[in-house]
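Asker: Can you read through this structure? Questions will come right after.
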Amino acid sequence: MDVMEKLKILTEAAKYDAACTSSGLDKKAVRGGMGCTIAGGLCHSFAGDGRCITLLKVLLTNYCVYDCSYCLNRRSNDVRRIAFTPRELADLTMQFYRRNYIEGLFLSSGILKSPDYTCEQMIATLKILREEYKFSGYIHAKAIPGADQKLLSVLGYLADRLSINIELPSSSSLAKLAPDKNKTSLLTPMSYLAQKISSNSRELVRCQASPRFAPAGQSTQMIVGASPETDWQILRLTESLYQHYKLKRVFYSAYIPVAENPLLPAVTTPPPLWREHRLYQADWLFRYYGFKAAELVDEVHQTLHPYLDPKCQWALRHSAYYPLEVNKADLEALLRVPGIGVTSALRIVKYRRTCSLTWENLKKIGVVVKRARYFLLCQGKRFESMPLDKVSFLTSLMSPREQKLYKQREVEAAPSLFKDELYLEGGLPALSVQERSELECPNIPVL
């Protein structure tokens with residue numbers, strides 16, 4: 001079969017894997033080699049500094065001995081099976097790189113024959129790239145659960161990032177939808193990689209010339225919507241993975257129905273893209289803003305709100321903390337104000353050492369005043385002109401698309417969600433018990 005025909009099949013089969021990023025890596029090209037991860041490195045991903053980079057995202061093969069119900073490449077599915085040889089895939093990668101189509105490789109695979117055999121084929125591909133072509137660009141490889149630890153170790157020294165997909169957020173869902181996998185088979189290699197990365201970091205402190213093991217760390221992916229787990233269960237698992245396995249990222253992939261199965265959503269069910277979006281926002285709050293899972297969702301309120309991002313939802317639940325004086329509040333408190341990001345919070349702390357900040361100053365340093373004005377004081381004063389009716393207050397916390405969806409719901413809803421004119425002292429709209437309950441646990445479907 002023609003290589004380009006193989007490429008078409010195996011890139012299409014790889015499109016459901018969302019875990020591709022090279023954030024945190026700064027490896028330069030070596031003398032006499034080619035490729036690097038610093039220069040901007042056919043999926044698009046984003047580095048830690050915001051650069052958009054392009055990766056060839058492909059499977060080594062779509063053969064698979066596993067029969068996961070949610071997977072397009074499961075063994076019971078009637079699809080055309082094909083596999084690259086290591087030489088074919090390495091040559092193809094270099095051809096695309098030389099034409100400036102890509103800056104790196106994202107390599108995953110079905111399980112061909114056995115986990116060990118599949119891992120050996122991936123290693124052979126990366127060895128051709130690294131040792132023969134001297135390719136120094138970014139490579140993200142999927143570590144194969146069940147493969148021997150010695151093979152995973154070799155793979156880690158060839159790749160920049162490794163990932164093992166959790167796939168489903170609970171053992172019960174794995175047992176129903178992926179009977180060939182279990183919690184232990186996924187977490188054991190993840191634990192091994194975490195220990196290997198940690199020990200390699202200590203080696204590099206003693207000797208900078210030591211080879212680097214997965215310098216961009218490890219990540220994982222969870223499918224959202226294929227199984228009945230709530231946002232609360234997913235975020236608790238996410239928090240645990242960050243704490244115990246030191247993951248760089250947890251990725252969420254809205255389930256796209258690919259097969260009729262009574263255990264799965266109907267094929268006509270749209271992917272829960274808004275839910276995926278909210279989970280990414282909550283994940284960002286974990287990693288950069290100091291939030292805990294229990295602050296965003298709990299056993300009583302297990303769903304993230306579809307119209308308000310998790311940070312705004314937290315602020316509304318804790319309105320007693322506001323308004324904050326921007327010239328006195330500490331960094332941790334500022335990070336919890338809607339409209340203030342990490343960069344703008346650090347700027348506030350820096351600039352107020354030499355002057356007392358005003359509302360005009362906040363605009364200039366990047367604060368989204370449209371949101372933040374309800375939660376802050378500047379020199380003891382409120383923002384001069386801000387709408388105080390509840391609908392305007394809540395829509396100011398939403399993106400334009402969220403506003404459209406929310407207003408459409410308001411037109412269709414009877415009676416309106418906001419029907420009285422209560423306000424908090426100082427001008428911040430107050431929510432009744434019924435309204436607060438609706439925000440915390442919305443009785444509407446997640447989009």
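Residue names in the structure tokens use chain letters A, B, ... in the order shown, residue numbers from 1 in each chain, and ligand numbers from 1 in the order shown.
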Quick one: residues within 9 Å of Gln121 of chain A, only C-alpha atoms counted, chain neighbours fewer than 5 positions away excluded, as a list of chain:residue names?
Answerer: A:Leu60, A:Thr85, A:Pro86, A:Asp116, A:Leu126
Asker: Can those selected residues be exported to a file as an mmCIF file, in the first residue's frame so that it contains N, CA and C atoms?
Answerer:
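The result, stored in part.cif:
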```
data_model
loop_
_atom_site.group_PDB
_atom_site.id
_atom_site.type_symbol
_atom_site.label_atom_id
_atom_site.label_comp_id
_atom_site.auth_asym_id
_atom_site.auth_seq_id
_atom_site.Cartn_x
_atom_site.Cartn_y
_atom_site.Cartn_z
ATOM 1 N N LEU A 60 1.033 4.505 14.874
ATOM 2 C CA LEU A 60 1.929 3.548 14.232
ATOM 3 C C LEU A 60 1.117 2.471 13.531
ATOM 4 N N THR A 85 5.775 0.689 8.954
ATOM 5 C CA THR A 85 7.031 0.151 9.463
ATOM 6 C C THR A 85 7.780 1.316 10.118
ATOM 7 N N PRO A 86 8.671 1.042 11.067
ATOM 8 C CA PRO A 86 9.437 2.143 11.682
ATOM 9 C C PRO A 86 10.152 3.014 10.660
ATOM 10 N N ASP A 116 4.452 -5.247 24.504
ATOM 11 C CA ASP A 116 5.910 -5.224 24.337
ATOM 12 C C ASP A 116 6.299 -5.056 22.871
ATOM 13 N N LEU A 126 11.626 5.844 16.787
ATOM 14 C CA LEU A 126 12.279 7.003 17.401
ATOM 15 C C LEU A 126 13.795 6.910 17.325
#
```
Asker: Run DSSP on the backbone and tell me which residues of segment 188-274 of chain A come out as strand (DSSP E); list them as a PyMOL selection string.
Answerer: chain A and resi 218-224+249-254
Asker: Just N, CA and C atoms for this one: save the residues we selected as an mmCIF file, in the first residue's frame.
Answerer:
```cif
data_model
loop_
_atom_site.group_PDB
_atom_site.id
_atom_site.type_symbol
_atom_site.label_atom_id
_atom_site.label_comp_id
_atom_site.auth_asym_id
_atom_site.auth_seq_id
_atom_site.Cartn_x
_atom_site.Cartn_y
_atom_site.Cartn_z
ATOM 1 N N GLN A 218 5.152 13.819 31.915
ATOM 2 C CA GLN A 218 4.125 12.903 31.425
ATOM 3 C C GLN A 218 2.750 13.528 31.591
ATOM 4 N N SER A 219 1.810 13.042 30.798
ATOM 5 C CA SER A 219 0.446 13.553 30.824
ATOM 6 C C SER A 219 -0.522 12.384 30.672
ATOM 7 N N THR A 220 -1.800 12.681 30.728
ATOM 8 C CA THR A 220 -2.815 11.655 30.530
ATOM 9 C C THR A 220 -4.048 12.299 29.919
ATOM 10 N N GLN A 221 -5.014 11.471 29.562
ATOM 11 C CA GLN A 221 -6.251 11.951 28.960
ATOM 12 C C GLN A 221 -7.433 11.176 29.518
ATOM 13 N N MET A 222 -8.553 11.878 29.719
ATOM 14 C CA MET A 222 -9.802 11.247 30.127
ATOM 15 C C MET A 222 -10.885 11.575 29.113
ATOM 16 N N ILE A 223 -11.714 10.593 28.827
ATOM 17 C CA ILE A 223 -12.853 10.798 27.937
ATOM 18 C C ILE A 223 -14.024 11.292 28.776
ATOM 19 N N VAL A 224 -14.642 12.379 28.329
ATOM 20 C CA VAL A 224 -15.751 12.995 29.059
ATOM 21 C C VAL A 224 -17.055 12.706 28.327
ATOM 22 N N ARG A 249 0.112 17.636 32.542
ATOM 23 C CA ARG A 249 -1.228 17.995 32.094
ATOM 24 C C ARG A 249 -2.158 16.806 32.203
ATOM 25 N N VAL A 250 -3.417 17.105 32.481
ATOM 26 C CA VAL A 250 -4.502 16.147 32.301
ATOM 27 C C VAL A 250 -5.379 16.714 31.198
ATOM 28 N N PHE A 251 -5.583 15.935 30.157
ATOM 29 C CA PHE A 251 -6.388 16.382 29.023
ATOM 30 C C PHE A 251 -7.770 15.745 29.100
ATOM 31 N N TYR A 252 -8.762 16.482 28.597
ATOM 32 C CA TYR A 252 -10.137 16.002 28.585
ATOM 33 C C TYR A 252 -10.615 15.960 27.138
ATOM 34 N N SER A 253 -11.242 14.880 26.764
ATOM 35 C CA SER A 253 -11.703 14.721 25.389
ATOM 36 C C SER A 253 -13.199 14.423 25.397
ATOM 37 N N ALA A 254 -13.989 15.358 24.874
ATOM 38 C CA ALA A 254 -15.435 15.142 24.789
ATOM 39 C C ALA A 254 -15.713 13.920 23.925
#
```
Asker: I'd like the contact shell of Tyr374 of chain A - 10 Å cut-off, only C-alpha atoms, skipping same-chain residues fewer than 3 positions apart - returned as a list in words.
Answerer: Tyr322, Pro323, Leu324, Val337, Pro338, Gly339, Val369, Lys370, Arg371, Leu377, Arg382, Phe383, Met386, Pro387, Leu388, Phe393, Ser396, Leu397, Gly426, Gly427, Leu428 and Pro429 of chain A
Asker: Emit the selected residues as a short mmCIF file (atom, residue, chain, number, x, y, z; two decimals), in the first residue's frame, including N, CA and C atoms.
Answerer:
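Result file out-v6.cif:
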```cif
data_model
loop_
_atom_site.label_atom_id
_atom_site.label_comp_id
_atom_site.auth_asym_id
_atom_site.auth_seq_id
_atom_site.Cartn_x
_atom_site.Cartn_y
_atom_site.Cartn_z
N TYR A 322 -16.00 39.75 49.35
CA TYR A 322 -15.85 40.91 48.48
C TYR A 322 -16.68 42.09 49.00
N PRO A 323 -16.32 43.34 48.60
CA PRO A 323 -15.22 43.70 47.69
C PRO A 323 -13.86 43.75 48.38
N LEU A 324 -12.81 43.50 47.60
CA LEU A 324 -11.44 43.56 48.08
C LEU A 324 -10.81 44.91 47.71
N VAL A 337 -10.15 36.67 42.12
CA VAL A 337 -11.09 37.68 41.63
C VAL A 337 -11.33 37.47 40.14
N PRO A 338 -12.60 37.30 39.71
CA PRO A 338 -12.88 37.21 38.27
C PRO A 338 -12.33 38.42 37.53
N GLY A 339 -11.70 38.17 36.40
CA GLY A 339 -11.12 39.26 35.61
C GLY A 339 -9.66 39.53 35.89
N VAL A 369 -11.68 44.72 33.59
CA VAL A 369 -12.45 45.54 34.53
C VAL A 369 -13.94 45.24 34.43
N LYS A 370 -14.41 44.84 33.28
CA LYS A 370 -15.83 44.51 33.11
C LYS A 370 -16.27 43.45 34.12
N ARG A 371 -15.37 42.53 34.44
CA ARG A 371 -15.68 41.50 35.43
C ARG A 371 -15.25 41.92 36.84
N LEU A 377 -12.35 47.22 45.18
CA LEU A 377 -12.32 48.64 45.49
C LEU A 377 -10.95 49.18 45.10
N ARG A 382 -15.71 52.33 44.68
CA ARG A 382 -16.27 51.44 43.67
C ARG A 382 -16.03 52.02 42.27
N PHE A 383 -16.14 51.16 41.28
CA PHE A 383 -16.12 51.64 39.89
C PHE A 383 -17.31 52.55 39.67
N MET A 386 -21.43 51.10 36.71
CA MET A 386 -21.60 49.67 36.42
C MET A 386 -23.06 49.30 36.64
N PRO A 387 -23.63 48.50 35.72
CA PRO A 387 -25.04 48.10 35.86
C PRO A 387 -25.21 47.21 37.09
N LEU A 388 -26.28 47.46 37.86
CA LEU A 388 -26.49 46.73 39.10
C LEU A 388 -27.68 45.79 39.05
N PHE A 393 -25.43 42.05 35.66
CA PHE A 393 -24.31 41.61 36.49
C PHE A 393 -23.81 40.24 36.06
N SER A 396 -22.26 40.06 32.52
CA SER A 396 -20.93 40.68 32.42
C SER A 396 -19.83 39.69 32.80
N LEU A 397 -20.18 38.61 33.48
CA LEU A 397 -19.22 37.58 33.85
C LEU A 397 -19.09 36.49 32.78
N GLY A 426 -22.94 47.93 49.13
CA GLY A 426 -21.83 48.36 48.29
C GLY A 426 -22.12 48.22 46.81
N GLY A 427 -23.25 47.63 46.44
CA GLY A 427 -23.62 47.62 45.04
C GLY A 427 -23.50 46.30 44.33
N LEU A 428 -23.00 45.25 44.98
CA LEU A 428 -22.88 43.95 44.32
C LEU A 428 -24.21 43.23 44.38
N PRO A 429 -24.79 42.83 43.27
CA PRO A 429 -26.09 42.15 43.29
C PRO A 429 -26.05 40.90 44.16
#
```
Asker: Would you work out the distance separating atom CA of Ser171 of chain A from atom CA of Tyr255 of chain A, expressed in Å to one decimal?
Answerer: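 Interatomic distance here is 17.8 Å.
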Asker: Write out as a ChimeraX atom specification the residues lying within 12 Å of Ala141 of chain A, counting only C-alpha atoms and excluding same-chain residues fewer than 4 positions away.
Answerer: /A:17,19-22,55-60,104-109,118-119,121-123,125-126,152,154-165,214,216-220
Asker: With a distance cut-off of 8 Å and only C-alpha atoms, select the neighbouring residues of Gln403 of chain A, excluding the residue or stretch itself and same-chain residues fewer than 5 positions from it, and output the selection as a PDB file with N, CA and C atoms, in the first residue's frame.
Answerer:
```
ATOM      1  N   TYR A 307     -23.012  28.174  32.115  1.00  0.00           N
ATOM      2  CA  TYR A 307     -22.955  29.556  31.655  1.00  0.00           C
ATOM      3  C   TYR A 307     -21.928  30.409  32.385  1.00  0.00           C
ATOM      4  N   THR A 395     -24.413  38.512  33.206  1.00  0.00           N
ATOM      5  CA  THR A 395     -23.956  38.440  31.815  1.00  0.00           C
ATOM      6  C   THR A 395     -22.595  39.104  31.636  1.00  0.00           C
ATOM      7  N   MET A 398     -19.909  36.593  31.728  1.00  0.00           N
ATOM      8  CA  MET A 398     -19.948  35.551  30.704  1.00  0.00           C
ATOM      9  C   MET A 398     -19.268  36.002  29.429  1.00  0.00           C
TER      10      MET A 398
END
```
Asker: Skip Glu360 of chain A itself and residues of its chain fewer than 5 positions away, then list as a list in words all residues within 10 Å of it, counting only C-alpha atoms.
Answerer: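 The filter keeps Ile365, Val367, Val369 and Cys378 of chain A.
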Asker: Running DSSP on the backbone, which parts of segment 60-141 of chain A land in helix (DSSP H, G or I), as a PyMOL selection string?
Answerer: chain A and resi 86-98+115-132
Asker: Selection from above, N, CA and C atoms, as a short mmCIF file (atom, residue, chain, number, x, y, z; two decimals), in the first residue's frame, can you write it?
Answerer:
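So out28.cif came out as:
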```
data_model
loop_
_atom_site.label_atom_id
_atom_site.label_comp_id
_atom_site.auth_asym_id
_atom_site.auth_seq_id
_atom_site.Cartn_x
_atom_site.Cartn_y
_atom_site.Cartn_z
N PRO A 86 8.67 1.04 11.07
CA PRO A 86 9.44 2.14 11.68
C PRO A 86 10.15 3.01 10.66
N ARG A 87 10.71 2.40 9.63
CA ARG A 87 11.42 3.17 8.59
C ARG A 87 10.48 4.08 7.84
N GLU A 88 9.31 3.58 7.46
CA GLU A 88 8.36 4.40 6.72
C GLU A 88 7.95 5.64 7.52
N LEU A 89 7.63 5.43 8.79
CA LEU A 89 7.14 6.56 9.60
C LEU A 89 8.25 7.56 9.88
N ALA A 90 9.47 7.08 10.13
CA ALA A 90 10.58 8.00 10.38
C ALA A 90 10.89 8.82 9.13
N ASP A 91 10.93 8.17 7.98
CA ASP A 91 11.21 8.88 6.73
C ASP A 91 10.12 9.91 6.43
N LEU A 92 8.87 9.54 6.66
CA LEU A 92 7.76 10.45 6.41
C LEU A 92 7.84 11.67 7.32
N THR A 93 8.16 11.44 8.57
CA THR A 93 8.31 12.56 9.51
C THR A 93 9.37 13.54 9.05
N MET A 94 10.50 13.02 8.62
CA MET A 94 11.59 13.89 8.17
C MET A 94 11.24 14.64 6.88
N GLN A 95 10.51 13.99 6.00
CA GLN A 95 10.10 14.67 4.77
C GLN A 95 9.18 15.85 5.09
N PHE A 96 8.26 15.64 6.01
CA PHE A 96 7.37 16.74 6.41
C PHE A 96 8.13 17.84 7.13
N TYR A 97 9.10 17.44 7.95
CA TYR A 97 9.88 18.45 8.67
C TYR A 97 10.69 19.31 7.70
N ARG A 98 11.32 18.68 6.73
CA ARG A 98 12.15 19.42 5.77
C ARG A 98 11.33 20.37 4.92
N PRO A 115 1.66 -5.56 24.01
CA PRO A 115 2.21 -4.27 24.42
C PRO A 115 3.72 -4.17 24.20
N ASP A 116 4.45 -5.25 24.50
CA ASP A 116 5.91 -5.22 24.34
C ASP A 116 6.30 -5.06 22.87
N TYR A 117 5.64 -5.79 21.98
CA TYR A 117 5.98 -5.70 20.55
C TYR A 117 5.67 -4.30 20.01
N THR A 118 4.53 -3.74 20.42
CA THR A 118 4.17 -2.40 19.97
C THR A 118 5.18 -1.37 20.45
N CYS A 119 5.58 -1.49 21.72
CA CYS A 119 6.56 -0.56 22.28
C CYS A 119 7.90 -0.68 21.55
N GLU A 120 8.29 -1.89 21.19
CA GLU A 120 9.54 -2.10 20.45
C GLU A 120 9.49 -1.42 19.09
N GLN A 121 8.34 -1.47 18.41
CA GLN A 121 8.19 -0.81 17.11
C GLN A 121 8.27 0.72 17.25
N MET A 122 7.68 1.25 18.31
CA MET A 122 7.77 2.70 18.54
C MET A 122 9.20 3.11 18.84
N ILE A 123 9.89 2.31 19.63
CA ILE A 123 11.30 2.60 19.94
C ILE A 123 12.14 2.58 18.67
N ALA A 124 11.89 1.61 17.81
CA ALA A 124 12.65 1.52 16.55
C ALA A 124 12.44 2.77 15.70
N THR A 125 11.20 3.27 15.67
CA THR A 125 10.90 4.49 14.91
C THR A 125 11.67 5.69 15.47
N LEU A 126 11.63 5.84 16.79
CA LEU A 126 12.28 7.00 17.40
C LEU A 126 13.80 6.91 17.33
N LYS A 127 14.34 5.70 17.36
CA LYS A 127 15.79 5.55 17.23
C LYS A 127 16.27 5.99 15.85
N ILE A 128 15.50 5.68 14.81
CA ILE A 128 15.87 6.13 13.47
C ILE A 128 15.89 7.66 13.43
N LEU A 129 14.85 8.29 14.03
CA LEU A 129 14.78 9.75 14.03
C LEU A 129 15.92 10.38 14.83
N ARG A 130 16.15 9.87 16.03
CA ARG A 130 17.11 10.48 16.93
C ARG A 130 18.56 10.15 16.54
N GLU A 131 18.84 8.91 16.20
CA GLU A 131 20.22 8.47 16.01
C GLU A 131 20.67 8.56 14.56
N GLU A 132 19.78 8.24 13.64
CA GLU A 132 20.18 8.28 12.22
C GLU A 132 20.01 9.67 11.63
#
```
Asker: Using only C-alpha atoms, which of the listed residues (A:Ala372, A:Val349, A:Cys312, A:Ile111) sits closest to Asn73 of chain A?
Answerer: A:Ile111
Asker: At a cut-off of 12 Å, using only C-alpha atoms, what residues contact Ser172 of chain A? Leave out same-chain residues fewer than 3 positions from it and give the result as JSON, numbers by chain.
Answerer: {"A": [168, 169, 175, 176, 177, 178, 179, 181, 182, 183, 227, 228, 229]}
